[in-house]
Amino acid sequence: MVNEIYFTEFPELESDRLVMRKQSVADVDSIYILRSDKNVMKYMDSNCQQSRSEAEKFVSENTEVNANGKGLFWMLVERESGQVIGDFAFWQIDKNNRLTEIGYTLSPEYWGKGYMKEAMAMAIDFGFDKLGLHRIEANINPGNDGSRRLLQASGFIKEGTVRENIFYNGGYWDSELYGLLATDWEAKKNR
């Protein structure tokens, strides 16, 4: 079973360089800056945020998803500077099948420095060891080479390309499906 406690006692995760903490209204400006950046949003199936009110709505919706036990949404904070540098989410948590889909963003000035790999490892450990997940999935745009490399380095296995499963911006997009099982992660950690 999925451990329900984390929907009332939000899990804060920490590493040497990062703190993954609960999103709050105080993060609206950081979220707006991040999610209005065309480079960050290039491969997302949603538009860049156009206003601070869209960021406020985003925070409100994520808070509700957490309260309803359907997801967890973390802000990625660089420990040394206290700066919000991205976000990471478990969303569409399926408690019966003990699986979730992940999503993540990172500010471009932090790309290529291992921050998202660090966040990914913390979130995966938490998901399997504490939350009780069996499977974690990721769907990415086939053009997103950086995300593909991150998933593969984290042990995810490409399970296929789903043809035209996302309607966005007037057309249908393909997506690549990646999966990671708890047993895969345990084997990777023990290598």
# chains A, B, ... in the order shown; residues from 1 in each chain; ligands from 1
call {"tool": "select_by_dssp", "arguments": {"residues": "segment 59-190 of chain A", "states": "helix (DSSP H, G or I)", "output": "NGL selection string"}}
result
:A and (59-67 or 108-110 or 115-131 or 145-153 or 182-189)
call {"tool": "residues_around", "arguments": {"residues": "Ala123 of chain A", "least_positions_apart": "3", "cutoff": "12 Å", "atoms": "only C-alpha atoms", "output": "PyMOL selection string"}}
result
chain A and resi 11-15+18-21+72-76+87-90+100-104+116-120+126-131+133+136+154+185
call {"tool": "closest_residue", "arguments": {"among": "A:Gln152, A:Thr183, A:Asn190, A:Asn68", "to": "Arg135 of chain A", "atoms": "only C-alpha atoms"}}
result
A:Thr183
call {"tool": "closest_residue", "arguments": {"among": "A:Asp184, A:Asp174, A:Glu137, A:Asp125", "to": "Lys158 of chain A", "atoms": "only C-alpha atoms"}}
result
A:Glu137
call {"tool": "atom_distance", "arguments": {"atom1": "atom CA of Ala55 of chain A", "atom2": "atom CA of Leu34 of chain A"}}
result
9.8 Å
call {"tool": "closest_residue", "arguments": {"among": "A:Ser107, A:Ser36, A:Gln23, A:Asn141", "to": "Tyr172 of chain A", "atoms": "only C-alpha atoms"}}
result
A:Asn141
call {"tool": "closest_residue", "arguments": {"among": "A:Leu151, A:Ala67, A:Val162, A:Ile157", "to": "Ser175 of chain A", "atoms": "only C-alpha atoms"}}
result
A:Val162
call {"tool": "atom_distance", "arguments": {"atom1": "atom CA of Glu109 of chain A", "atom2": "atom CA of Met44 of chain A"}}
result
18.3 Å
call {"tool": "residues_around", "arguments": {"residues": "Ile140 of chain A", "least_positions_apart": "4", "cutoff": "7 Å", "atoms": "only C-alpha atoms", "output": "PDB file with N, CA and C atoms, in the first residue's frame"}}
result
ATOM      1  N   ASN A 144      13.461  15.727 -26.478  1.00  0.00           N
ATOM      2  CA  ASN A 144      14.089  16.160 -25.231  1.00  0.00           C
ATOM      3  C   ASN A 144      15.247  15.236 -24.851  1.00  0.00           C
ATOM      4  N   SER A 175       4.982  10.785 -27.597  1.00  0.00           N
ATOM      5  CA  SER A 175       5.775  10.840 -26.371  1.00  0.00           C
ATOM      6  C   SER A 175       6.477   9.506 -26.172  1.00  0.00           C
ATOM      7  N   GLU A 176       7.609   9.557 -25.514  1.00  0.00           N
ATOM      8  CA  GLU A 176       8.344   8.349 -25.158  1.00  0.00           C
ATOM      9  C   GLU A 176       7.992   7.994 -23.725  1.00  0.00           C
ATOM     10  N   LEU A 177       7.720   6.723 -23.484  1.00  0.00           N
ATOM     11  CA  LEU A 177       7.360   6.239 -22.157  1.00  0.00           C
ATOM     12  C   LEU A 177       8.548   5.516 -21.547  1.00  0.00           C
TER      13      LEU A 177
END
call {"tool": "closest_residue", "arguments": {"among": "A:Glu9, A:Lys188, A:Arg148, A:Val2", "to": "His134 of chain A", "atoms": "only C-alpha atoms"}}
result
A:Val2
call {"tool": "closest_residue", "arguments": {"among": "A:Leu150, A:Leu99, A:Val77, A:Ala138", "to": "Gly114 of chain A", "atoms": "only C-alpha atoms"}}
result
A:Leu150
call {"tool": "select_by_dssp", "arguments": {"residues": "chain A", "states": "strand (DSSP E or B)", "output": "number ranges by chain"}}
result
A: 13-14, 18-22, 71-78, 84-94, 99-106, 135-140, 157-168, 171-181
call {"tool": "atom_distance", "arguments": {"atom1": "atom CA of Ser30 of chain A", "atom2": "atom CA of Ser81 of chain A"}}
result
14.0 Å
call {"tool": "decode", "arguments": {"residues": "segment 45-153 of chain A", "atoms": "C-alpha atoms", "output": "mmCIF file, in the first residue's frame"}}
result
data_model
loop_
_atom_site.group_PDB
_atom_site.id
_atom_site.type_symbol
_atom_site.label_atom_id
_atom_site.label_comp_id
_atom_site.auth_asym_id
_atom_site.auth_seq_id
_atom_site.Cartn_x
_atom_site.Cartn_y
_atom_site.Cartn_z
ATOM 1 C CA ASP A 45 2.860 20.076 -23.247
ATOM 2 C CA SER A 46 1.711 23.295 -21.627
ATOM 3 C CA ASN A 47 2.207 26.957 -22.437
ATOM 4 C CA CYS A 48 4.643 29.291 -20.755
ATOM 5 C CA GLN A 49 2.960 31.111 -17.925
ATOM 6 C CA GLN A 50 1.937 34.572 -19.049
ATOM 7 C CA SER A 51 1.176 36.179 -15.692
ATOM 8 C CA ARG A 52 1.739 35.944 -11.976
ATOM 9 C CA SER A 53 -1.925 34.914 -11.588
ATOM 10 C CA GLU A 54 -1.212 31.781 -13.656
ATOM 11 C CA ALA A 55 1.577 30.914 -11.205
ATOM 12 C CA GLU A 56 -0.828 31.491 -8.299
ATOM 13 C CA LYS A 57 -3.331 29.119 -9.911
ATOM 14 C CA PHE A 58 -0.555 26.551 -10.440
ATOM 15 C CA VAL A 59 0.324 26.667 -6.714
ATOM 16 C CA SER A 60 -3.347 26.386 -5.744
ATOM 17 C CA GLU A 61 -3.947 23.399 -8.019
ATOM 18 C CA ASN A 62 -0.833 21.593 -6.773
ATOM 19 C CA THR A 63 -1.793 22.234 -3.152
ATOM 20 C CA GLU A 64 -5.200 20.669 -3.845
ATOM 21 C CA VAL A 65 -3.629 17.656 -5.620
ATOM 22 C CA ASN A 66 -1.451 17.080 -2.555
ATOM 23 C CA ALA A 67 -4.349 17.498 -0.119
ATOM 24 C CA ASN A 68 -6.406 14.992 -2.128
ATOM 25 C CA GLY A 69 -3.580 12.425 -2.035
ATOM 26 C CA LYS A 70 -3.123 12.425 -5.804
ATOM 27 C CA GLY A 71 0.369 13.915 -5.985
ATOM 28 C CA LEU A 72 3.348 15.522 -4.293
ATOM 29 C CA PHE A 73 4.969 18.688 -5.620
ATOM 30 C CA TRP A 74 8.412 19.761 -4.400
ATOM 31 C CA MET A 75 10.343 22.947 -4.951
ATOM 32 C CA LEU A 76 14.060 22.392 -5.591
ATOM 33 C CA VAL A 77 16.116 24.770 -3.487
ATOM 34 C CA GLU A 78 19.886 25.110 -3.744
ATOM 35 C CA ARG A 79 21.026 24.632 -0.153
ATOM 36 C CA GLU A 80 23.946 27.094 -0.253
ATOM 37 C CA SER A 81 22.105 30.066 -1.765
ATOM 38 C CA GLY A 82 18.521 29.312 -0.673
ATOM 39 C CA GLN A 83 17.528 29.955 -4.302
ATOM 40 C CA VAL A 84 14.585 28.082 -5.865
ATOM 41 C CA ILE A 85 16.082 26.429 -8.954
ATOM 42 C CA GLY A 86 13.310 24.095 -10.128
ATOM 43 C CA ASP A 87 10.527 21.735 -9.198
ATOM 44 C CA PHE A 88 9.822 18.013 -9.100
ATOM 45 C CA ALA A 89 6.473 16.239 -8.901
ATOM 46 C CA PHE A 90 4.910 12.873 -8.364
ATOM 47 C CA TRP A 91 1.549 13.339 -10.012
ATOM 48 C CA GLN A 92 -1.353 11.115 -10.959
ATOM 49 C CA ILE A 93 -0.441 8.801 -8.102
ATOM 50 C CA ASP A 94 -2.333 5.543 -8.590
ATOM 51 C CA LYS A 95 -2.573 4.095 -5.090
ATOM 52 C CA ASN A 96 -4.158 0.803 -6.155
ATOM 53 C CA ASN A 97 -1.322 -0.009 -8.543
ATOM 54 C CA ARG A 98 1.318 1.831 -6.482
ATOM 55 C CA LEU A 99 2.603 3.919 -9.368
ATOM 56 C CA THR A 100 3.146 7.533 -10.245
ATOM 57 C CA GLU A 101 4.254 9.683 -13.124
ATOM 58 C CA ILE A 102 7.017 12.213 -12.568
ATOM 59 C CA GLY A 103 7.539 15.686 -13.933
ATOM 60 C CA TYR A 104 10.347 18.171 -13.349
ATOM 61 C CA THR A 105 11.794 21.511 -14.387
ATOM 62 C CA LEU A 106 15.137 23.179 -13.742
ATOM 63 C CA SER A 107 16.340 26.723 -14.304
ATOM 64 C CA PRO A 108 18.719 26.798 -17.317
ATOM 65 C CA GLU A 109 21.662 28.215 -15.359
ATOM 66 C CA TYR A 110 21.697 24.952 -13.369
ATOM 67 C CA TRP A 111 21.556 22.591 -16.358
ATOM 68 C CA GLY A 112 24.450 20.172 -16.745
ATOM 69 C CA LYS A 113 25.585 20.451 -13.114
ATOM 70 C CA GLY A 114 23.968 17.285 -11.748
ATOM 71 C CA TYR A 115 21.238 18.995 -9.709
ATOM 72 C CA MET A 116 18.339 17.202 -11.383
ATOM 73 C CA LYS A 117 20.124 13.857 -11.194
ATOM 74 C CA GLU A 118 20.542 14.479 -7.455
ATOM 75 C CA ALA A 119 16.868 15.444 -7.071
ATOM 76 C CA MET A 120 15.786 12.434 -9.133
ATOM 77 C CA ALA A 121 17.744 10.035 -6.912
ATOM 78 C CA MET A 122 16.258 11.521 -3.720
ATOM 79 C CA ALA A 123 12.716 11.399 -5.101
ATOM 80 C CA ILE A 124 13.095 7.830 -6.376
ATOM 81 C CA ASP A 125 14.532 6.633 -3.054
ATOM 82 C CA PHE A 126 11.659 8.287 -1.232
ATOM 83 C CA GLY A 127 9.060 6.940 -3.666
ATOM 84 C CA PHE A 128 10.129 3.327 -3.368
ATOM 85 C CA ASP A 129 11.471 3.187 0.199
ATOM 86 C CA LYS A 130 9.025 5.454 2.064
ATOM 87 C CA LEU A 131 5.936 6.090 -0.068
ATOM 88 C CA GLY A 132 5.672 2.434 -1.060
ATOM 89 C CA LEU A 133 5.560 2.772 -4.827
ATOM 90 C CA HIS A 134 6.114 -0.190 -7.133
ATOM 91 C CA ARG A 135 6.605 1.749 -10.387
ATOM 92 C CA ILE A 136 7.573 5.262 -11.491
ATOM 93 C CA GLU A 137 6.851 6.445 -15.037
ATOM 94 C CA ALA A 138 7.970 9.364 -17.168
ATOM 95 C CA ASN A 139 6.594 10.586 -20.487
ATOM 96 C CA ILE A 140 8.885 12.853 -22.472
ATOM 97 C CA ASN A 141 8.843 14.643 -25.787
ATOM 98 C CA PRO A 142 11.021 12.635 -28.225
ATOM 99 C CA GLY A 143 13.113 15.756 -28.881
ATOM 100 C CA ASN A 144 14.089 16.160 -25.231
ATOM 101 C CA ASP A 145 17.554 14.592 -25.278
ATOM 102 C CA GLY A 146 18.521 15.985 -21.863
ATOM 103 C CA SER A 147 15.548 14.403 -20.145
ATOM 104 C CA ARG A 148 16.173 11.118 -21.950
ATOM 105 C CA ARG A 149 19.797 11.041 -20.729
ATOM 106 C CA LEU A 150 18.673 11.864 -17.179
ATOM 107 C CA LEU A 151 16.085 9.081 -17.128
ATOM 108 C CA GLN A 152 18.474 6.509 -18.576
ATOM 109 C CA ALA A 153 21.228 7.499 -16.114
#
